[in-house]
>>> print(open('upload_2.tsv').read())   # TSV, C-alpha atoms
chain	number	residue	atom	x	y	z
A	11	MET	CA	-28.97	108.11	43.16
A	12	LYS	CA	-29.95	105.83	40.28
A	13	ARG	CA	-30.48	107.30	36.84
A	14	VAL	CA	-33.94	106.41	35.51
A	15	ASN	CA	-34.37	105.42	31.85
A	16	PRO	CA	-37.94	106.50	30.95
A	17	ARG	CA	-37.84	104.62	27.62
A	18	LEU	CA	-38.09	101.33	29.54
A	19	ALA	CA	-41.77	102.18	30.13
A	20	LYS	CA	-43.35	101.37	26.76
A	21	LYS	CA	-45.66	104.05	25.34
A	22	HIS	CA	-48.68	101.89	24.60
A	23	ARG	CA	-48.71	99.84	27.80
A	24	CYS	CA	-50.12	100.41	31.28
A	25	PHE	CA	-48.16	99.62	34.44
A	26	SER	CA	-49.10	99.21	38.08
A	27	VAL	CA	-47.03	101.09	40.67
A	28	THR	CA	-45.06	97.94	41.52
A	29	GLU	CA	-44.49	97.00	37.86
A	30	LEU	CA	-43.23	100.47	36.99
A	31	ALA	CA	-40.95	100.54	40.04
A	32	ASP	CA	-39.47	97.12	39.17
A	33	LEU	CA	-39.04	98.11	35.53
A	34	LEU	CA	-37.22	101.36	36.35
A	35	GLY	CA	-35.22	99.91	39.26
A	36	VAL	CA	-36.68	102.23	41.91
A	37	HIS	CA	-38.74	101.59	45.04
A	38	LYS	CA	-42.54	101.57	44.79
A	39	HIS	CA	-42.68	104.48	47.27
A	40	THR	CA	-40.66	106.52	44.76
A	41	VAL	CA	-43.35	105.94	42.12
A	42	ARG	CA	-46.05	106.87	44.66
A	43	GLY	CA	-44.11	110.07	45.38
A	44	TRP	CA	-44.11	110.82	41.65
A	45	LEU	CA	-47.90	110.35	41.66
A	46	ARG	CA	-48.18	112.94	44.44
A	47	LYS	CA	-45.96	115.29	42.40
A	48	GLY	CA	-48.33	115.09	39.43
A	49	LEU	CA	-47.57	111.88	37.51
A	50	PRO	CA	-50.90	111.20	35.73
A	51	ALA	CA	-52.61	107.92	36.58
A	52	ILE	CA	-55.58	106.25	34.91
A	53	ASP	CA	-58.67	107.38	36.87
A	54	GLY	CA	-60.87	104.88	38.66
A	55	ALA	CA	-58.52	101.94	38.20
A	56	LYS	CA	-57.63	99.68	41.10
A	57	PRO	CA	-54.75	98.97	41.37
A	58	THR	CA	-53.43	102.37	40.31
A	59	LEU	CA	-52.34	102.19	36.67
A	60	ILE	CA	-49.92	104.48	34.88
A	61	HIS	CA	-49.84	104.75	31.10
A	62	GLY	CA	-46.29	104.43	29.72
A	63	GLY	CA	-46.69	107.36	27.30
A	64	ALA	CA	-48.01	109.59	30.10
A	65	PHE	CA	-45.02	108.63	32.27
A	66	GLN	CA	-42.54	109.43	29.48
A	67	GLY	CA	-44.14	112.84	28.88
A	68	TRP	CA	-44.25	113.66	32.59
A	69	TRP	CA	-40.62	112.57	33.04
A	70	ALA	CA	-39.43	114.75	30.12
A	71	LYS	CA	-41.29	117.73	31.60
A	72	GLN	CA	-39.65	117.15	35.01
A	73	ARG	CA	-36.15	116.91	33.48
A	74	LYS	CA	-36.70	120.08	31.43
A	75	ALA	CA	-37.85	121.98	34.54
A	76	ALA	CA	-34.68	120.88	36.39
A	77	LYS	CA	-32.33	122.37	33.77
A	78	ARG	CA	-30.33	125.45	34.75
A	79	PRO	CA	-28.89	126.88	31.52
A	80	CYS	CA	-25.90	129.18	31.84
A	81	GLN	CA	-26.05	132.69	30.41
A	82	PRO	CA	-22.99	134.29	28.79
A	83	GLY	CA	-20.41	134.97	31.48
A	84	GLN	CA	-21.65	132.16	33.76
A	85	MET	CA	-20.56	128.65	34.66
A	86	TYR	CA	-22.50	126.04	36.66
A	87	CYS	CA	-21.47	125.64	40.31
A	88	PHE	CA	-22.29	122.16	41.63
A	89	LYS	CA	-22.03	123.28	45.26
A	90	CYS	CA	-24.44	126.23	44.84
A	91	LYS	CA	-26.56	124.24	42.32
A	92	ALA	CA	-26.95	127.32	40.14
A	93	PRO	CA	-25.16	129.18	37.34
A	94	LYS	CA	-22.69	131.66	38.82
A	95	ALA	CA	-20.20	134.20	37.51
A	96	PRO	CA	-16.48	133.48	37.93
A	97	ALA	CA	-14.79	135.19	40.88
A	98	LEU	CA	-12.93	138.39	39.94
A	99	GLY	CA	-13.89	137.83	36.28
A	100	MET	CA	-10.94	135.46	35.80
A	101	VAL	CA	-11.19	132.23	33.78
A	102	GLU	CA	-8.56	129.71	32.70
A	103	TYR	CA	-8.92	127.81	29.42
A	104	ALA	CA	-7.00	124.52	29.23
A	105	ALA	CA	-6.94	123.25	25.66
A	106	THR	CA	-7.47	119.51	25.19
A	107	ASN	CA	-6.82	119.69	21.44
A	108	ALA	CA	-6.61	122.35	18.73
A	109	ALA	CA	-10.35	123.12	18.73
A	110	THR	CA	-11.79	122.38	22.20
A	111	GLY	CA	-10.91	122.65	25.86
A	112	ASN	CA	-12.14	123.23	29.39
A	113	LEU	CA	-12.87	126.52	31.11
A	114	LYS	CA	-12.01	126.61	34.83
A	115	ALA	CA	-12.86	129.30	37.36
A	116	LEU	CA	-13.72	129.84	41.01
A	117	CYS	CA	-17.35	130.45	42.03
A	118	GLU	CA	-17.96	134.03	43.15
A	119	THR	CA	-20.10	132.82	46.09
A	120	CYS	CA	-18.52	129.67	47.54
A	121	GLU	CA	-15.08	129.68	45.84
A	122	THR	CA	-15.56	126.12	44.52
A	123	MET	CA	-13.86	125.23	41.24
A	124	MET	CA	-16.30	125.37	38.30
A	125	HIS	CA	-15.75	123.76	34.89
A	126	ARG	CA	-17.32	124.24	31.46
A	127	ARG	CA	-16.44	122.50	28.19
A	128	THR	CA	-16.25	124.80	25.17
A	129	ARG	CA	-14.66	125.37	21.79
A	130	LEU	CA	-11.79	127.83	21.50
A	131	ALA	CA	-13.74	129.87	18.93
A	132	ASP	CA	-16.75	130.21	21.29
A	133	ILE	CA	-14.85	131.72	24.24
A	134	PRO	CA	-15.66	135.38	23.38
A	135	ALA	CA	-19.38	134.57	23.15
A	136	LYS	CA	-19.52	132.42	26.31
A	137	MET	CA	-17.26	134.57	28.51
A	138	PRO	CA	-17.70	138.18	27.28
A	139	GLY	CA	-15.67	140.76	29.15
A	140	MET	CA	-13.79	138.11	31.16
A	141	ASP	CA	-10.04	137.82	31.56
A	142	VAL	CA	-9.39	134.40	29.95
A	143	GLN	CA	-5.93	132.89	30.31
A	144	ILE	CA	-5.36	130.34	27.53
A	145	THR	CA	-2.96	127.41	27.89
A	146	GLN	CA	-2.09	125.27	24.88
A	147	ALA	CA	-2.73	121.55	24.49
A	148	SER	CA	0.12	119.18	25.34
A	149	SER	CA	1.96	117.52	22.48
A	150	SER	CA	0.91	114.16	21.09
A	151	ILE	CA	1.81	110.96	22.95
A	152	GLY	CA	3.34	109.49	19.81
A	153	ALA	CA	5.99	112.20	19.48
A	154	PRO	CA	7.68	112.99	22.81
A	155	ALA	CA	9.80	116.13	22.80
A	156	HIS	CA	12.68	114.50	24.69
A	157	PRO	CA	13.17	110.73	24.54
A	158	SER	CA	13.44	108.94	27.85
A	159	SER	CA	16.99	108.41	29.10
A	160	ASN	CA	15.85	105.32	31.00
A	161	CYS	CA	16.37	102.34	28.67
A	162	ASP	CA	17.36	98.68	28.86
A	163	LYS	CA	19.99	98.90	26.17
A	164	ILE	CA	23.51	98.67	27.57
A	165	GLU	CA	25.96	100.70	25.53
A	166	GLY	CA	29.28	99.13	24.52
A	167	ALA	CA	28.05	95.56	24.94
>>> encode(input="upload_2.tsv", output="structure tokens")
Amino acid sequence: MKRVNPRLAKKHRCFSVTELADLLGVHKHTVRGWLRKGLPAIDGAKPTLIHGGAFQGWWAKQRKAAKRPCQPGQMYCFKCKAPKAPALGMVEYAATNAATGNLKALCETCETMMHRRTRLADIPAKMPGMDVQITQASSSIGAPAHPSSNCDKIEGA
């Protein structure tokens, strides 16, 4: 599925169905489907004209309606397409650096792996009452703990 950039439709300009479809990189039937879903068109105009500002407002409203914010104790499951609680109340936090990391857990419904990016300090607020296992970030690339024994230098030569 192509991601639509609504800012390509200029606010103070009118577009026909075909022009808007070409501009956004979608098929003209897609734009006609948007008109059936409530995209406002200029009344009485032939061909059908769509004001750029009206399209941008309608698009923002559609995107906002599609959001599924997670409540505390929930993570978004892409398979269920809804926020779900972690199975058995268990979550793993893998630190990516000193301040942030990724939460990982299984979905309580479909047992698919769920992920959520968060700061270490925000874990109690985002996962209250959950058993969170914290793993530390790996050391820096620039300072390996044990140097590699594989080298080109021949000793004694």
>>> residues_near_point(input="upload_2.tsv", point="(-29.3, 105.4, 37.3)", cutoff="10 Å", atoms="only C-alpha atoms", output="PyMOL selection string")
chain A and resi 11-15+34-36
>>> residues_around(input="upload_2.tsv", residues="segment 130-145 of chain A", least_positions_apart="2", cutoff="8 Å", atoms="all atoms listed in the file", output="list in words")
Gln81, Pro82, Gly83, Gln84, Gly99, Met100, Val101, Glu102, Tyr103, Ala104, Ala105, Ala109, Thr110, Gly111, Thr128 and Ala147 of chain A
>>> axis_aligned_box(input="upload_2.tsv", around="segment 129-142 of chain A", padding_each_side="8 Å", output="lines of an AutoDock Vina configuration file")
center_x = -14.5
center_y = 133.1
center_z = 25.2
size_x = 26.1
size_y = 31.4
size_z = 28.6
>>> atom_distance(input="upload_2.tsv", atom1="atom CA of Arg46 of chain A", atom2="atom CA of Leu33 of chain A")
19.6 Å
>>> atom_distance(input="upload_2.tsv", atom1="atom CA of Phe25 of chain A", atom2="atom CA of His61 of chain A")
6.3 Å
>>> decode(input="upload_2.tsv", residues="segment 61-72 of chain A", atoms="all heavy atoms", output="JSON list (two decimals), in the first residue's frame")
[["chain", "number", "residue", "atom", "x", "y", "z"],
["A", 61, "HIS", "N", -11.40, 20.65, -3.47],
["A", 61, "HIS", "CA", -10.55, 21.73, -2.98],
["A", 61, "HIS", "C", -9.41, 21.12, -2.17],
["A", 61, "HIS", "O", -9.62, 20.23, -1.34],
["A", 61, "HIS", "CB", -11.37, 22.70, -2.12],
["A", 61, "HIS", "CG", -10.66, 23.97, -1.84],
["A", 61, "HIS", "ND1", -9.92, 24.15, -0.72],
["A", 61, "HIS", "CD2", -10.58, 25.12, -2.56],
["A", 61, "HIS", "CE1", -9.39, 25.36, -0.73],
["A", 61, "HIS", "NE2", -9.78, 25.97, -1.85],
["A", 62, "GLY", "N", -8.18, 21.58, -2.40],
["A", 62, "GLY", "CA", -7.00, 21.03, -1.73],
["A", 62, "GLY", "C", -7.06, 21.14, -0.22],
["A", 62, "GLY", "O", -6.70, 20.21, 0.50],
["A", 63, "GLY", "N", -7.54, 22.28, 0.30],
["A", 63, "GLY", "CA", -7.67, 22.46, 1.75],
["A", 63, "GLY", "C", -8.69, 21.51, 2.35],
["A", 63, "GLY", "O", -8.49, 20.97, 3.44],
["A", 64, "ALA", "N", -9.80, 21.28, 1.62],
["A", 64, "ALA", "CA", -10.82, 20.35, 2.10],
["A", 64, "ALA", "C", -10.27, 18.92, 2.12],
["A", 64, "ALA", "O", -10.55, 18.15, 3.05],
["A", 64, "ALA", "CB", -12.05, 20.42, 1.21],
["A", 65, "PHE", "N", -9.46, 18.57, 1.11],
["A", 65, "PHE", "CA", -8.85, 17.24, 1.09],
["A", 65, "PHE", "C", -7.90, 17.06, 2.27],
["A", 65, "PHE", "O", -7.92, 16.03, 2.95],
["A", 65, "PHE", "CB", -8.09, 16.99, -0.22],
["A", 65, "PHE", "CG", -7.24, 15.75, -0.17],
["A", 65, "PHE", "CD1", -7.82, 14.51, -0.21],
["A", 65, "PHE", "CD2", -5.86, 15.84, -0.05],
["A", 65, "PHE", "CE1", -7.04, 13.36, -0.13],
["A", 65, "PHE", "CE2", -5.08, 14.71, 0.02],
["A", 65, "PHE", "CZ", -5.67, 13.46, -0.02],
["A", 66, "GLN", "N", -7.06, 18.07, 2.54],
["A", 66, "GLN", "CA", -6.11, 17.96, 3.65],
["A", 66, "GLN", "C", -6.83, 17.80, 4.98],
["A", 66, "GLN", "O", -6.43, 16.99, 5.82],
["A", 66, "GLN", "CB", -5.19, 19.18, 3.68],
["A", 66, "GLN", "CG", -4.15, 19.18, 2.59],
["A", 66, "GLN", "CD", -3.19, 20.35, 2.71],
["A", 66, "GLN", "OE1", -3.30, 21.18, 3.60],
["A", 66, "GLN", "NE2", -2.24, 20.41, 1.79],
["A", 67, "GLY", "N", -7.90, 18.56, 5.18],
["A", 67, "GLY", "CA", -8.67, 18.44, 6.42],
["A", 67, "GLY", "C", -9.34, 17.08, 6.56],
["A", 67, "GLY", "O", -9.33, 16.47, 7.63],
["A", 68, "TRP", "N", -9.93, 16.60, 5.46],
["A", 68, "TRP", "CA", -10.58, 15.30, 5.47],
["A", 68, "TRP", "C", -9.57, 14.19, 5.73],
["A", 68, "TRP", "O", -9.83, 13.27, 6.50],
["A", 68, "TRP", "CB", -11.30, 15.06, 4.14],
["A", 68, "TRP", "CG", -11.97, 13.74, 4.04],
["A", 68, "TRP", "CD1", -13.19, 13.41, 4.53],
["A", 68, "TRP", "CD2", -11.45, 12.56, 3.44],
["A", 68, "TRP", "NE1", -13.47, 12.09, 4.26],
["A", 68, "TRP", "CE2", -12.40, 11.54, 3.58],
["A", 68, "TRP", "CE3", -10.26, 12.25, 2.77],
["A", 68, "TRP", "CZ2", -12.22, 10.26, 3.10],
["A", 68, "TRP", "CZ3", -10.08, 10.97, 2.29],
["A", 68, "TRP", "CH2", -11.04, 9.99, 2.45],
["A", 69, "TRP", "N", -8.40, 14.29, 5.11],
["A", 69, "TRP", "CA", -7.36, 13.27, 5.28],
["A", 69, "TRP", "C", -6.88, 13.22, 6.73],
["A", 69, "TRP", "O", -6.70, 12.14, 7.30],
["A", 69, "TRP", "CB", -6.19, 13.53, 4.33],
["A", 69, "TRP", "CG", -5.18, 12.42, 4.35],
["A", 69, "TRP", "CD1", -4.00, 12.39, 5.03],
["A", 69, "TRP", "CD2", -5.28, 11.17, 3.69],
["A", 69, "TRP", "NE1", -3.36, 11.20, 4.81],
["A", 69, "TRP", "CE2", -4.13, 10.42, 3.99],
["A", 69, "TRP", "CE3", -6.24, 10.60, 2.85],
["A", 69, "TRP", "CZ2", -3.90, 9.15, 3.50],
["A", 69, "TRP", "CZ3", -6.01, 9.32, 2.37],
["A", 69, "TRP", "CH2", -4.85, 8.62, 2.70],
["A", 70, "ALA", "N", -6.66, 14.39, 7.34],
["A", 70, "ALA", "CA", -6.22, 14.44, 8.74],
["A", 70, "ALA", "C", -7.27, 13.81, 9.66],
["A", 70, "ALA", "O", -6.92, 13.09, 10.61],
["A", 70, "ALA", "CB", -5.94, 15.88, 9.15],
["A", 71, "LYS", "N", -8.53, 14.06, 9.37],
["A", 71, "LYS", "CA", -9.62, 13.48, 10.18],
["A", 71, "LYS", "C", -9.64, 11.96, 10.03],
["A", 71, "LYS", "O", -9.83, 11.24, 11.02],
["A", 71, "LYS", "CB", -10.95, 14.08, 9.72],
["A", 71, "LYS", "CG", -12.13, 13.65, 10.52],
["A", 71, "LYS", "CD", -13.39, 14.34, 10.00],
["A", 71, "LYS", "CE", -14.63, 13.72, 10.59],
["A", 71, "LYS", "NZ", -15.84, 14.24, 9.97],
["A", 72, "GLN", "N", -9.43, 11.45, 8.82],
["A", 72, "GLN", "CA", -9.39, 10.01, 8.60],
["A", 72, "GLN", "C", -8.22, 9.36, 9.34],
["A", 72, "GLN", "O", -8.35, 8.29, 9.93],
["A", 72, "GLN", "CB", -9.26, 9.70, 7.10],
["A", 72, "GLN", "CG", -10.46, 10.12, 6.28],
["A", 72, "GLN", "CD", -11.71, 9.35, 6.67],
["A", 72, "GLN", "OE1", -11.69, 8.13, 6.75],
["A", 72, "GLN", "NE2", -12.78, 10.06, 6.92]]
